[in-house]
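Peer 1: My structure is below; once you've seen it, I'll send some questions.
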Amino acid sequence: MTQDDILTGVLLDEVALSLDELACACAVEPNWIVERVQAGFLGGIAIEQITRWQFTSPELVRARRLVAVERDFDANPELAALVADLIEEVERLKARLNAAGLPLT
Amino acid sequence: MEFRDYYQILDVAKTATADEIKKAYRKQARKYHPDVSKEPDAEARMKEVNEANAALSDPEKRAAYDQAGSRYRPGQEFQPPPDWGTGFEFSGDGAHGSYGESAEFSDFFSSLFGQAGSSRGAGEHRARGGDHHAKVMIELADAYHGAAQTITLRAARLDPAGHVVTEERTLKVQIPKGVKEGQHIRLAGQGSPGFGGGTAGDLYLEVHFKPDSRYRVEGRDVHESVPVTPWEAALGAAIEVPTPAGSVRVNVPAGSQSGRKLRLKERGIPGNPPGDLYLVLEIVLPPADTNKARQLYETMAREMDFNPRQGMGV
(Lines give C-alpha, C1' and ligand atoms only; values in the text may rest on other atoms or scores of the structure.)
Protein backbone atom coordinates (compact mmCIF):
# COMPACT_ATOMS: atom_id res chain seq x y z
CA MET A 1 0.00 0.00 0.00
CA THR A 2 1.38 3.39 -0.86
CA GLN A 3 0.94 6.42 1.30
CA ASP A 4 -1.48 7.85 -1.21
CA ASP A 5 -3.88 4.94 -1.01
CA ILE A 6 -7.06 5.92 0.75
CA LEU A 7 -8.20 3.46 3.39
CA THR A 8 -11.90 2.88 3.52
CA GLY A 9 -13.19 1.57 6.80
CA VAL A 10 -16.45 0.27 8.08
CA LEU A 11 -18.68 2.65 10.00
CA LEU A 12 -19.66 1.01 13.25
CA ASP A 13 -23.40 0.88 13.69
CA GLU A 14 -23.84 0.17 9.99
CA VAL A 15 -21.87 -2.97 10.80
CA ALA A 16 -21.95 -3.93 14.47
CA LEU A 17 -19.26 -5.75 16.43
CA SER A 18 -19.62 -9.36 17.48
CA LEU A 19 -18.81 -10.46 21.03
CA ASP A 20 -15.30 -11.60 20.06
CA GLU A 21 -14.63 -8.40 18.11
CA LEU A 22 -15.71 -6.22 21.02
CA ALA A 23 -13.53 -8.28 23.38
CA CYS A 24 -10.54 -7.82 21.04
CA ALA A 25 -11.21 -4.08 20.75
CA CYS A 26 -11.18 -3.81 24.55
CA ALA A 27 -8.26 -6.25 25.01
CA VAL A 28 -10.30 -8.43 27.37
CA GLU A 29 -11.53 -12.01 27.27
CA PRO A 30 -15.00 -12.52 25.76
CA ASN A 31 -16.15 -13.84 29.12
CA TRP A 32 -15.42 -10.43 30.65
CA ILE A 33 -17.96 -8.94 28.23
CA VAL A 34 -20.49 -11.74 28.79
CA GLU A 35 -20.41 -11.23 32.55
CA ARG A 36 -21.06 -7.51 32.24
CA VAL A 37 -23.83 -7.91 29.67
CA GLN A 38 -25.55 -10.54 31.80
CA ALA A 39 -25.23 -8.29 34.85
CA GLY A 40 -26.86 -5.45 32.89
CA PHE A 41 -23.77 -3.22 32.93
CA LEU A 42 -23.25 -3.23 29.18
CA GLY A 43 -25.60 -3.24 26.19
CA GLY A 44 -29.34 -3.66 26.36
CA ILE A 45 -29.19 -7.08 24.77
CA ALA A 46 -32.23 -9.29 24.98
CA ILE A 47 -31.01 -12.00 22.63
CA GLU A 48 -30.23 -15.15 24.59
CA GLN A 49 -27.91 -16.58 21.95
CA ILE A 50 -24.53 -15.09 22.80
CA THR A 51 -23.14 -15.72 19.32
CA ARG A 52 -25.76 -13.32 17.92
CA TRP A 53 -24.93 -10.43 20.22
CA GLN A 54 -24.06 -7.23 18.42
CA PHE A 55 -22.43 -4.08 19.74
CA THR A 56 -22.38 -0.53 18.37
CA SER A 57 -20.16 2.53 18.83
CA PRO A 58 -21.67 3.70 22.15
CA GLU A 59 -21.25 0.18 23.55
CA LEU A 60 -17.61 0.09 22.46
CA VAL A 61 -17.03 3.40 24.24
CA ARG A 62 -18.82 2.15 27.35
CA ALA A 63 -16.98 -1.18 27.39
CA ARG A 64 -13.60 0.57 27.12
CA ARG A 65 -14.66 2.97 29.87
CA LEU A 66 -15.63 0.05 32.14
CA VAL A 67 -12.27 -1.60 31.46
CA ALA A 68 -10.40 1.62 32.28
CA VAL A 69 -12.32 2.37 35.50
CA GLU A 70 -12.01 -1.20 36.77
CA ARG A 71 -8.30 -1.21 35.97
CA ASP A 72 -7.33 2.29 37.06
CA PHE A 73 -9.17 2.23 40.36
CA ASP A 74 -9.41 -1.49 41.08
CA ALA A 75 -13.14 -0.85 40.95
CA ASN A 76 -15.58 -3.72 41.05
CA PRO A 77 -17.87 -4.03 38.00
CA GLU A 78 -20.87 -2.52 39.80
CA LEU A 79 -18.96 0.60 40.77
CA ALA A 80 -17.42 0.92 37.29
CA ALA A 81 -20.91 0.71 35.77
CA LEU A 82 -22.16 3.41 38.13
CA VAL A 83 -19.23 5.67 37.16
CA ALA A 84 -19.92 5.01 33.46
CA ASP A 85 -23.64 5.81 33.98
CA LEU A 86 -22.76 9.12 35.61
CA ILE A 87 -20.23 10.06 32.93
CA GLU A 88 -22.76 9.27 30.20
CA GLU A 89 -25.41 11.37 31.99
CA VAL A 90 -22.98 14.30 32.23
CA GLU A 91 -22.19 13.91 28.52
CA ARG A 92 -25.90 13.92 27.64
CA LEU A 93 -26.51 17.05 29.70
CA LYS A 94 -23.47 18.79 28.23
CA ALA A 95 -24.67 17.94 24.71
CA ARG A 96 -28.10 19.42 25.49
CA LEU A 97 -26.56 22.56 26.92
CA ASN A 98 -24.32 22.82 23.89
CA ALA A 99 -27.26 22.40 21.52
CA ALA A 100 -29.09 25.12 23.44
CA GLY A 101 -26.13 27.43 22.84
CA LEU A 102 -25.00 27.31 26.48
CA PRO A 103 -21.73 25.35 26.31
CA LEU A 104 -19.90 24.68 29.56
CA THR A 105 -16.42 26.16 29.55
CA MET B 1 15.65 9.53 24.62
CA GLU B 2 15.11 11.19 27.97
CA PHE B 3 15.09 9.35 31.27
CA ARG B 4 11.67 9.33 32.92
CA ASP B 5 11.40 9.35 36.69
CA TYR B 6 8.37 7.15 37.29
CA TYR B 7 8.55 7.76 41.04
CA GLN B 8 8.30 11.50 40.44
CA ILE B 9 5.39 11.03 38.03
CA LEU B 10 3.45 9.09 40.68
CA ASP B 11 4.72 11.39 43.41
CA VAL B 12 6.05 8.58 45.62
CA ALA B 13 9.40 7.92 47.28
CA LYS B 14 11.77 5.40 45.74
CA THR B 15 11.23 3.31 48.88
CA ALA B 16 7.44 3.31 48.44
CA THR B 17 5.67 0.03 49.16
CA ALA B 18 3.44 -1.66 46.60
CA ASP B 19 0.43 -0.40 48.53
CA GLU B 20 1.71 3.18 48.50
CA ILE B 21 2.29 2.98 44.76
CA LYS B 22 -1.22 1.69 44.22
CA LYS B 23 -2.68 4.52 46.31
CA ALA B 24 -0.57 7.14 44.53
CA TYR B 25 -1.62 5.75 41.15
CA ARG B 26 -5.31 5.94 42.06
CA LYS B 27 -4.88 9.49 43.27
CA GLN B 28 -3.24 10.54 39.99
CA ALA B 29 -5.73 8.54 37.93
CA ARG B 30 -8.55 10.39 39.70
CA LYS B 31 -6.86 13.70 38.92
CA TYR B 32 -6.06 13.08 35.27
CA HIS B 33 -8.76 10.65 34.14
CA PRO B 34 -9.75 12.08 30.73
CA ASP B 35 -13.44 11.50 31.39
CA VAL B 36 -13.54 13.86 34.35
CA SER B 37 -10.35 15.90 34.51
CA LYS B 38 -10.40 19.58 33.66
CA GLU B 39 -6.59 19.70 33.33
CA PRO B 40 -5.73 20.81 29.78
CA ASP B 41 -3.16 18.04 29.29
CA ALA B 42 -5.13 15.36 31.16
CA GLU B 43 -4.90 12.74 28.44
CA ALA B 44 -1.11 13.04 28.10
CA ARG B 45 -0.64 13.06 31.86
CA MET B 46 -2.88 10.01 32.25
CA LYS B 47 -0.69 8.15 29.76
CA GLU B 48 2.40 9.04 31.80
CA VAL B 49 0.70 7.92 34.98
CA ASN B 50 -0.41 4.64 33.38
CA GLU B 51 3.10 4.09 32.10
CA ALA B 52 4.66 4.79 35.50
CA ASN B 53 2.18 2.45 37.15
CA ALA B 54 2.81 -0.30 34.59
CA ALA B 55 6.53 -0.10 35.44
CA LEU B 56 6.35 0.28 39.21
CA SER B 57 3.41 -1.96 40.07
CA ASP B 58 5.11 -5.00 38.56
CA PRO B 59 7.89 -6.17 40.93
CA GLU B 60 10.02 -7.53 38.07
CA LYS B 61 9.77 -4.36 35.98
CA ARG B 62 10.31 -2.18 39.03
CA ALA B 63 13.50 -4.02 39.97
CA ALA B 64 14.82 -3.71 36.42
CA TYR B 65 13.87 -0.03 36.27
CA ASP B 66 15.53 0.68 39.61
CA GLN B 67 18.73 -0.96 38.43
CA ALA B 68 18.79 0.77 35.05
CA GLY B 69 17.75 4.14 36.41
CA SER B 70 19.90 4.40 39.50
CA ARG B 71 22.36 6.75 37.78
CA TYR B 72 19.89 8.98 35.95
CA ARG B 73 17.96 12.16 36.67
CA PRO B 74 14.63 13.11 35.03
CA GLY B 75 15.15 14.55 31.56
CA GLN B 76 18.74 13.28 31.34
CA GLU B 77 19.66 11.54 28.08
CA PHE B 78 19.10 7.83 28.64
CA GLN B 79 20.65 4.89 26.82
CA PRO B 80 19.85 1.33 27.96
CA PRO B 81 23.03 -0.60 28.87
CA PRO B 82 24.23 -3.00 26.15
CA ASP B 83 23.44 -6.02 28.31
CA TRP B 84 20.05 -4.64 29.18
CA GLY B 85 17.44 -7.28 29.94
CA THR B 86 19.84 -9.97 31.03
CA GLY B 87 19.20 -11.20 34.51
CA PHE B 88 15.54 -10.25 34.42
CA GLU B 89 12.60 -12.26 33.37
CA PHE B 90 9.40 -10.47 32.49
CA SER B 91 6.41 -12.66 33.08
CA GLY B 92 4.01 -10.29 31.28
CA ASP B 93 4.00 -9.88 27.55
CA GLY B 94 6.70 -7.29 27.57
CA ALA B 95 5.77 -4.37 25.43
CA HIS B 96 2.12 -5.13 25.89
CA GLY B 97 1.16 -3.62 29.20
CA SER B 98 -2.19 -3.99 30.84
CA TYR B 99 -4.96 -4.32 28.25
CA GLY B 100 -2.52 -3.78 25.42
CA GLU B 101 -2.33 -0.06 26.02
CA SER B 102 1.45 0.11 25.94
CA ALA B 103 1.25 0.96 22.26
CA GLU B 104 0.68 4.43 23.66
CA PHE B 105 3.62 4.27 26.05
CA SER B 106 6.82 6.20 25.46
CA ASP B 107 9.95 5.13 23.61
CA PHE B 108 11.61 5.08 27.03
CA PHE B 109 9.19 2.44 28.31
CA SER B 110 9.48 0.41 25.10
CA SER B 111 13.26 0.47 25.26
CA LEU B 112 13.22 -0.78 28.83
CA PHE B 113 10.55 -3.44 28.75
CA GLY B 114 9.62 -4.02 25.13
CA GLN B 115 12.89 -5.58 24.00
CA ALA B 116 13.09 -8.06 26.86
CA GLY B 117 9.52 -9.15 26.37
CA SER B 118 9.63 -9.41 22.64
CA SER B 119 12.02 -12.34 22.54
CA ARG B 120 9.19 -14.70 23.22
CA GLY B 121 6.04 -14.83 21.21
CA ALA B 122 7.28 -14.80 17.64
CA GLY B 123 7.33 -18.31 16.30
CA GLU B 124 6.12 -19.87 19.54
CA HIS B 125 2.43 -19.40 19.01
CA ARG B 126 0.05 -17.80 16.61
CA ALA B 127 -1.74 -14.77 17.91
CA ARG B 128 -3.82 -11.97 16.48
CA GLY B 129 -2.32 -8.51 16.81
CA GLY B 130 -3.87 -6.06 19.22
CA ASP B 131 -6.49 -3.53 18.18
CA HIS B 132 -5.53 0.14 18.27
CA HIS B 133 -7.70 3.13 19.10
CA ALA B 134 -7.27 6.73 18.05
CA LYS B 135 -9.37 9.86 17.85
CA VAL B 136 -9.77 11.82 14.65
CA MET B 137 -11.05 15.39 14.42
CA ILE B 138 -13.01 16.34 11.32
CA GLU B 139 -14.90 19.36 10.06
CA LEU B 140 -18.68 19.14 10.30
CA ALA B 141 -18.84 19.62 6.53
CA ASP B 142 -16.88 16.35 6.15
CA ALA B 143 -19.80 14.50 7.76
CA TYR B 144 -22.12 16.05 5.15
CA HIS B 145 -20.05 15.23 2.11
CA GLY B 146 -17.48 12.61 3.19
CA ALA B 147 -13.77 13.41 2.88
CA ALA B 148 -10.33 11.87 2.72
CA GLN B 149 -8.44 12.76 5.90
CA THR B 150 -4.74 12.29 6.52
CA ILE B 151 -3.93 11.19 10.07
CA THR B 152 -0.62 10.54 11.79
CA LEU B 153 -0.42 7.86 14.46
CA ARG B 154 2.36 6.66 16.74
CA ALA B 155 2.57 2.96 17.47
CA ALA B 156 5.03 0.42 18.86
CA ARG B 157 6.14 -2.21 16.33
CA LEU B 158 8.69 -5.00 16.15
CA ASP B 159 11.69 -4.34 13.91
CA PRO B 160 13.22 -7.23 11.89
CA ALA B 161 15.54 -8.03 14.80
CA GLY B 162 12.56 -8.39 17.10
CA HIS B 163 13.11 -5.14 18.98
CA VAL B 164 10.25 -2.86 19.83
CA VAL B 165 10.47 0.50 18.13
CA THR B 166 8.01 3.36 18.16
CA GLU B 167 7.22 4.66 14.74
CA GLU B 168 4.96 7.22 13.20
CA ARG B 169 2.78 6.30 10.30
CA THR B 170 0.55 8.37 8.15
CA LEU B 171 -2.72 7.06 6.85
CA LYS B 172 -5.16 8.56 4.45
CA VAL B 173 -8.62 7.55 5.57
CA GLN B 174 -11.95 7.98 3.86
CA ILE B 175 -14.36 9.65 6.27
CA PRO B 176 -17.77 8.32 5.28
CA LYS B 177 -20.64 10.69 4.62
CA GLY B 178 -23.11 10.67 7.50
CA VAL B 179 -20.66 9.94 10.30
CA LYS B 180 -21.81 11.15 13.72
CA GLU B 181 -19.94 12.58 16.69
CA GLY B 182 -18.45 9.70 18.70
CA GLN B 183 -19.01 7.10 16.00
CA HIS B 184 -16.19 4.69 15.12
CA ILE B 185 -14.61 3.86 11.80
CA ARG B 186 -13.07 0.42 11.87
CA LEU B 187 -10.07 -0.16 9.63
CA ALA B 188 -9.40 -3.87 9.35
CA GLY B 189 -5.78 -4.97 9.65
CA GLN B 190 -4.44 -1.53 10.63
CA GLY B 191 -3.73 -2.41 14.27
CA SER B 192 -0.70 -4.27 15.63
CA PRO B 193 0.78 -6.97 13.45
CA GLY B 194 -0.01 -10.55 14.50
CA PHE B 195 2.52 -12.99 15.95
CA GLY B 196 3.57 -16.25 14.34
CA GLY B 197 1.49 -15.66 11.24
CA GLY B 198 -1.56 -14.42 13.13
CA THR B 199 -3.69 -11.71 11.56
CA ALA B 200 -3.12 -8.04 12.31
CA GLY B 201 -5.43 -6.24 14.69
CA ASP B 202 -7.83 -3.50 13.65
CA LEU B 203 -7.67 0.26 14.05
CA TYR B 204 -10.70 2.01 15.53
CA LEU B 205 -10.98 5.72 14.80
CA GLU B 206 -13.35 7.60 17.08
CA VAL B 207 -14.71 10.57 15.16
CA HIS B 208 -15.12 13.99 16.73
CA PHE B 209 -16.03 17.31 15.15
CA LYS B 210 -13.64 20.24 15.38
CA PRO B 211 -15.18 22.98 17.50
CA ASP B 212 -16.92 25.51 15.27
CA SER B 213 -18.63 28.46 16.92
CA ARG B 214 -21.20 28.56 14.13
CA TYR B 215 -22.60 25.06 14.67
CA ARG B 216 -23.77 22.88 17.53
CA VAL B 217 -24.42 19.21 16.88
CA GLU B 218 -26.77 16.86 18.68
CA GLY B 219 -26.85 13.41 17.12
CA ARG B 220 -27.59 14.10 13.46
CA ASP B 221 -29.35 17.40 14.20
CA VAL B 222 -27.34 20.57 13.68
CA HIS B 223 -28.10 23.92 15.32
CA GLU B 224 -26.82 27.12 13.77
CA SER B 225 -27.13 30.67 15.06
CA VAL B 226 -28.17 33.12 12.34
CA PRO B 227 -27.80 36.86 12.95
CA VAL B 228 -30.66 38.93 11.49
CA THR B 229 -31.42 42.64 11.44
CA PRO B 230 -34.38 44.01 13.43
CA TRP B 231 -36.22 44.87 10.20
CA GLU B 232 -35.65 41.37 8.75
CA ALA B 233 -37.10 39.91 11.96
CA ALA B 234 -39.97 42.40 12.18
CA LEU B 235 -41.00 42.57 8.53
CA GLY B 236 -39.89 39.16 7.32
CA ALA B 237 -37.24 38.62 4.65
CA ALA B 238 -35.60 36.07 2.40
CA ILE B 239 -31.99 35.79 3.54
CA GLU B 240 -29.02 33.74 2.46
CA VAL B 241 -27.55 31.47 5.16
CA PRO B 242 -24.31 29.51 4.92
CA THR B 243 -24.77 25.93 6.17
CA PRO B 244 -22.39 22.95 6.31
CA ALA B 245 -24.01 21.76 3.07
CA GLY B 246 -23.59 25.11 1.33
CA SER B 247 -25.62 28.30 1.20
CA VAL B 248 -29.42 28.17 1.28
CA ARG B 249 -32.08 30.86 0.97
CA VAL B 250 -34.42 30.97 3.92
CA ASN B 251 -37.61 32.93 4.59
CA VAL B 252 -37.53 34.66 7.95
CA PRO B 253 -41.19 34.96 9.02
CA ALA B 254 -42.42 38.45 9.90
CA GLY B 255 -42.64 39.09 13.61
CA SER B 256 -39.74 36.80 14.55
CA GLN B 257 -38.04 37.24 17.90
CA SER B 258 -34.52 36.32 18.98
CA GLY B 259 -34.26 32.61 19.71
CA ARG B 260 -36.89 31.60 17.16
CA LYS B 261 -35.94 28.30 15.55
CA LEU B 262 -36.48 27.62 11.88
CA ARG B 263 -36.32 23.91 11.13
CA LEU B 264 -34.91 22.85 7.78
CA LYS B 265 -36.04 19.27 7.50
CA GLU B 266 -33.39 16.69 6.56
CA ARG B 267 -30.70 19.37 6.19
CA GLY B 268 -28.76 18.00 9.17
CA ILE B 269 -26.13 15.26 8.96
CA PRO B 270 -27.11 12.78 6.22
CA GLY B 271 -28.21 9.32 7.30
CA ASN B 272 -31.18 7.08 7.59
CA PRO B 273 -33.04 9.04 8.80
CA PRO B 274 -31.12 12.26 8.13
CA GLY B 275 -30.94 14.92 10.83
CA ASP B 276 -32.55 18.35 10.69
CA LEU B 277 -30.88 21.74 10.59
CA TYR B 278 -32.19 24.27 13.10
CA LEU B 279 -31.52 27.92 12.39
CA VAL B 280 -31.72 29.93 15.58
CA LEU B 281 -32.44 33.59 14.86
CA GLU B 282 -30.40 36.19 16.73
CA ILE B 283 -31.51 39.77 16.28
CA VAL B 284 -28.50 42.06 16.07
CA LEU B 285 -29.00 45.80 16.61
CA PRO B 286 -27.10 48.19 14.38
CA PRO B 287 -24.86 50.43 16.50
CA ALA B 288 -26.03 54.01 17.11
CA ASP B 289 -22.67 55.38 16.17
CA THR B 290 -23.66 57.99 13.56
CA ASN B 291 -26.02 60.96 13.67
CA LYS B 292 -28.32 59.27 11.16
CA ALA B 293 -28.47 56.05 13.19
CA ARG B 294 -29.15 57.93 16.40
CA GLN B 295 -31.96 59.88 14.66
CA LEU B 296 -33.58 56.66 13.49
CA TYR B 297 -33.50 55.20 17.01
CA GLU B 298 -34.89 58.48 18.42
CA THR B 299 -37.70 58.40 15.85
CA MET B 300 -38.59 54.85 16.83
CA ALA B 301 -38.52 55.77 20.51
CA ARG B 302 -40.85 58.68 19.84
CA GLU B 303 -43.19 57.04 17.37
CA MET B 304 -43.49 53.47 18.63
CA ASP B 305 -45.57 52.60 21.63
CA PHE B 306 -43.44 49.70 22.79
CA ASN B 307 -42.54 48.56 26.29
CA PRO B 308 -40.64 45.26 26.37
CA ARG B 309 -40.97 45.17 30.18
CA GLN B 310 -44.75 45.39 30.20
CA GLY B 311 -45.03 41.78 31.35
CA MET B 312 -42.89 42.65 34.36
CA GLY B 313 -45.46 45.12 35.61
CA VAL B 314 -43.43 48.25 34.93
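Ordered as shown in the C-alpha coordinates, chains take letters A, B, and onward, while each chain numbers its residues from 1 and ligands are numbered from 1 in the order shown.
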Would you write out, as JSON lines, a table of all residues in chain B that have an atom no more than 7 Å from an atom of chain A, listing for each the closest atom pair and the distance in Å to one decimal, considering only C-alpha atoms and ordering rows by chain and rising residue number?
Peer 2:
{"residue": "B:Arg26", "atom": "CA", "partner": "A:Phe73", "partner_atom": "CA", "distance": 5.6}
{"residue": "B:Ala29", "atom": "CA", "partner": "A:Asp72", "partner_atom": "CA", "distance": 6.5}
{"residue": "B:Tyr99", "atom": "CA", "partner": "A:Ala27", "partner_atom": "CA", "distance": 5.0}
{"residue": "B:Gly100", "atom": "CA", "partner": "A:Ala27", "partner_atom": "CA", "distance": 6.3}
{"residue": "B:Asp131", "atom": "CA", "partner": "A:Ala25", "partner_atom": "CA", "distance": 5.4}
{"residue": "B:Leu171", "atom": "CA", "partner": "A:Gln3", "partner_atom": "CA", "distance": 6.7}
{"residue": "B:Lys172", "atom": "CA", "partner": "A:Ile6", "partner_atom": "CA", "distance": 4.9}
{"residue": "B:Val173", "atom": "CA", "partner": "A:Leu7", "partner_atom": "CA", "distance": 4.7}
{"residue": "B:Gln174", "atom": "CA", "partner": "A:Thr8", "partner_atom": "CA", "distance": 5.1}
{"residue": "B:Gln183", "atom": "CA", "partner": "A:Ser57", "partner_atom": "CA", "distance": 5.5}
{"residue": "B:His184", "atom": "CA", "partner": "A:Leu12", "partner_atom": "CA", "distance": 5.4}
{"residue": "B:Ile185", "atom": "CA", "partner": "A:Leu11", "partner_atom": "CA", "distance": 4.6}
{"residue": "B:Arg186", "atom": "CA", "partner": "A:Val10", "partner_atom": "CA", "distance": 5.1}
{"residue": "B:Leu187", "atom": "CA", "partner": "A:Gly9", "partner_atom": "CA", "distance": 4.5}
{"residue": "B:Arg216", "atom": "CA", "partner": "A:Ala99", "partner_atom": "CA", "distance": 5.3}
{"residue": "B:Val217", "atom": "CA", "partner": "A:Ala99", "partner_atom": "CA", "distance": 6.3}
{"residue": "B:Glu218", "atom": "CA", "partner": "A:Ala99", "partner_atom": "CA", "distance": 6.2}
{"residue": "B:His223", "atom": "CA", "partner": "A:Ala99", "partner_atom": "CA", "distance": 6.4}
Peer 1: Could you pull out the helix (DSSP H, G or I) residues of range 26-62 of chain A from DSSP and send them as an MDAnalysis selection string?
Peer 2: chainID A and resid 26 30:38 50:52 57:62
Peer 1: Any idea what's packed within 7 Å of range 273-283 of chain B, counting only C-alpha atoms, ignoring anything in its chain fewer than 5 positions away? Could you give it as a list in words?
Peer 2: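 These residues fall inside the cut-off: Arg220, Asp221, Val222, His223, Glu224, Ser225, Val226, Pro227, Val228, Thr229, Pro230, Ser258, Gly259, Arg260, Lys261, Leu262, Arg263, Leu264, Lys265, Glu266, Arg267 and Gly268 of chain B.
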Peer 1: Keeping only N, CA, C and O atoms, write the selected residues as a CSV table (one decimal), in the first residue's frame.
Peer 2:
chain,number,residue,atom,x,y,z
B,220,ARG,N,-27.7,13.7,14.9
B,220,ARG,CA,-27.6,14.1,13.5
B,220,ARG,C,-28.2,15.5,13.3
B,220,ARG,O,-28.2,16.0,12.2
B,221,ASP,N,-28.8,16.0,14.3
B,221,ASP,CA,-29.3,17.4,14.2
B,221,ASP,C,-28.2,18.4,14.4
B,221,ASP,O,-27.4,18.3,15.2
B,222,VAL,N,-28.3,19.5,13.6
B,222,VAL,CA,-27.3,20.6,13.7
B,222,VAL,C,-28.1,21.9,14.0
B,222,VAL,O,-29.1,22.2,13.4
B,223,HIS,N,-27.5,22.6,14.9
B,223,HIS,CA,-28.1,23.9,15.3
B,223,HIS,C,-27.1,25.0,14.9
B,223,HIS,O,-25.9,24.9,15.1
B,224,GLU,N,-27.7,26.0,14.3
B,224,GLU,CA,-26.8,27.1,13.8
B,224,GLU,C,-27.4,28.5,14.1
B,224,GLU,O,-28.6,28.7,13.9
B,225,SER,N,-26.6,29.3,14.7
B,225,SER,CA,-27.1,30.7,15.1
B,225,SER,C,-27.1,31.5,13.8
B,225,SER,O,-26.0,31.6,13.1
B,226,VAL,N,-28.1,32.3,13.5
B,226,VAL,CA,-28.2,33.1,12.3
B,226,VAL,C,-28.5,34.6,12.8
B,226,VAL,O,-29.6,34.9,13.2
B,227,PRO,N,-27.5,35.5,12.6
B,227,PRO,CA,-27.8,36.9,13.0
B,227,PRO,C,-28.7,37.5,11.9
B,227,PRO,O,-28.6,37.2,10.7
B,228,VAL,N,-29.7,38.2,12.4
B,228,VAL,CA,-30.7,38.9,11.5
B,228,VAL,C,-30.8,40.4,12.0
B,228,VAL,O,-30.6,40.7,13.2
B,229,THR,N,-31.2,41.2,11.1
B,229,THR,CA,-31.4,42.6,11.4
B,229,THR,C,-32.8,42.8,12.1
B,229,THR,O,-33.7,41.9,11.9
B,230,PRO,N,-33.0,43.8,12.8
B,230,PRO,CA,-34.4,44.0,13.4
B,230,PRO,C,-35.5,44.1,12.4
B,230,PRO,O,-36.6,43.6,12.6
B,258,SER,N,-35.8,37.0,18.8
B,258,SER,CA,-34.5,36.3,19.0
B,258,SER,C,-34.8,35.0,19.6
B,258,SER,O,-35.7,34.8,20.4
B,259,GLY,N,-34.1,34.0,19.1
B,259,GLY,CA,-34.3,32.6,19.7
B,259,GLY,C,-35.2,31.8,18.9
B,259,GLY,O,-35.3,30.6,19.1
B,260,ARG,N,-36.0,32.4,18.0
B,260,ARG,CA,-36.9,31.6,17.2
B,260,ARG,C,-36.1,30.6,16.3
B,260,ARG,O,-35.1,30.9,15.7
B,261,LYS,N,-36.6,29.4,16.3
B,261,LYS,CA,-35.9,28.3,15.5
B,261,LYS,C,-36.7,28.0,14.2
B,261,LYS,O,-37.9,27.8,14.2
B,262,LEU,N,-35.9,28.0,13.2
B,262,LEU,CA,-36.5,27.6,11.9
B,262,LEU,C,-35.9,26.2,11.6
B,262,LEU,O,-34.7,26.1,11.5
B,263,ARG,N,-36.8,25.3,11.4
B,263,ARG,CA,-36.3,23.9,11.1
B,263,ARG,C,-36.2,23.6,9.6
B,263,ARG,O,-37.2,23.7,8.9
B,264,LEU,N,-35.1,23.3,9.2
B,264,LEU,CA,-34.9,22.9,7.8
B,264,LEU,C,-34.8,21.3,7.8
B,264,LEU,O,-33.8,20.7,8.1
B,265,LYS,N,-35.9,20.7,7.4
B,265,LYS,CA,-36.0,19.3,7.5
B,265,LYS,C,-35.0,18.6,6.6
B,265,LYS,O,-34.8,18.9,5.5
B,266,GLU,N,-34.4,17.6,7.2
B,266,GLU,CA,-33.4,16.7,6.6
B,266,GLU,C,-32.2,17.4,6.0
B,266,GLU,O,-31.5,17.0,5.1
B,267,ARG,N,-31.9,18.6,6.6
B,267,ARG,CA,-30.7,19.4,6.2
B,267,ARG,C,-29.6,19.2,7.2
B,267,ARG,O,-28.6,20.0,7.2
B,268,GLY,N,-29.8,18.3,8.2
B,268,GLY,CA,-28.8,18.0,9.2
B,268,GLY,C,-27.8,17.0,8.6
B,268,GLY,O,-27.6,16.9,7.4
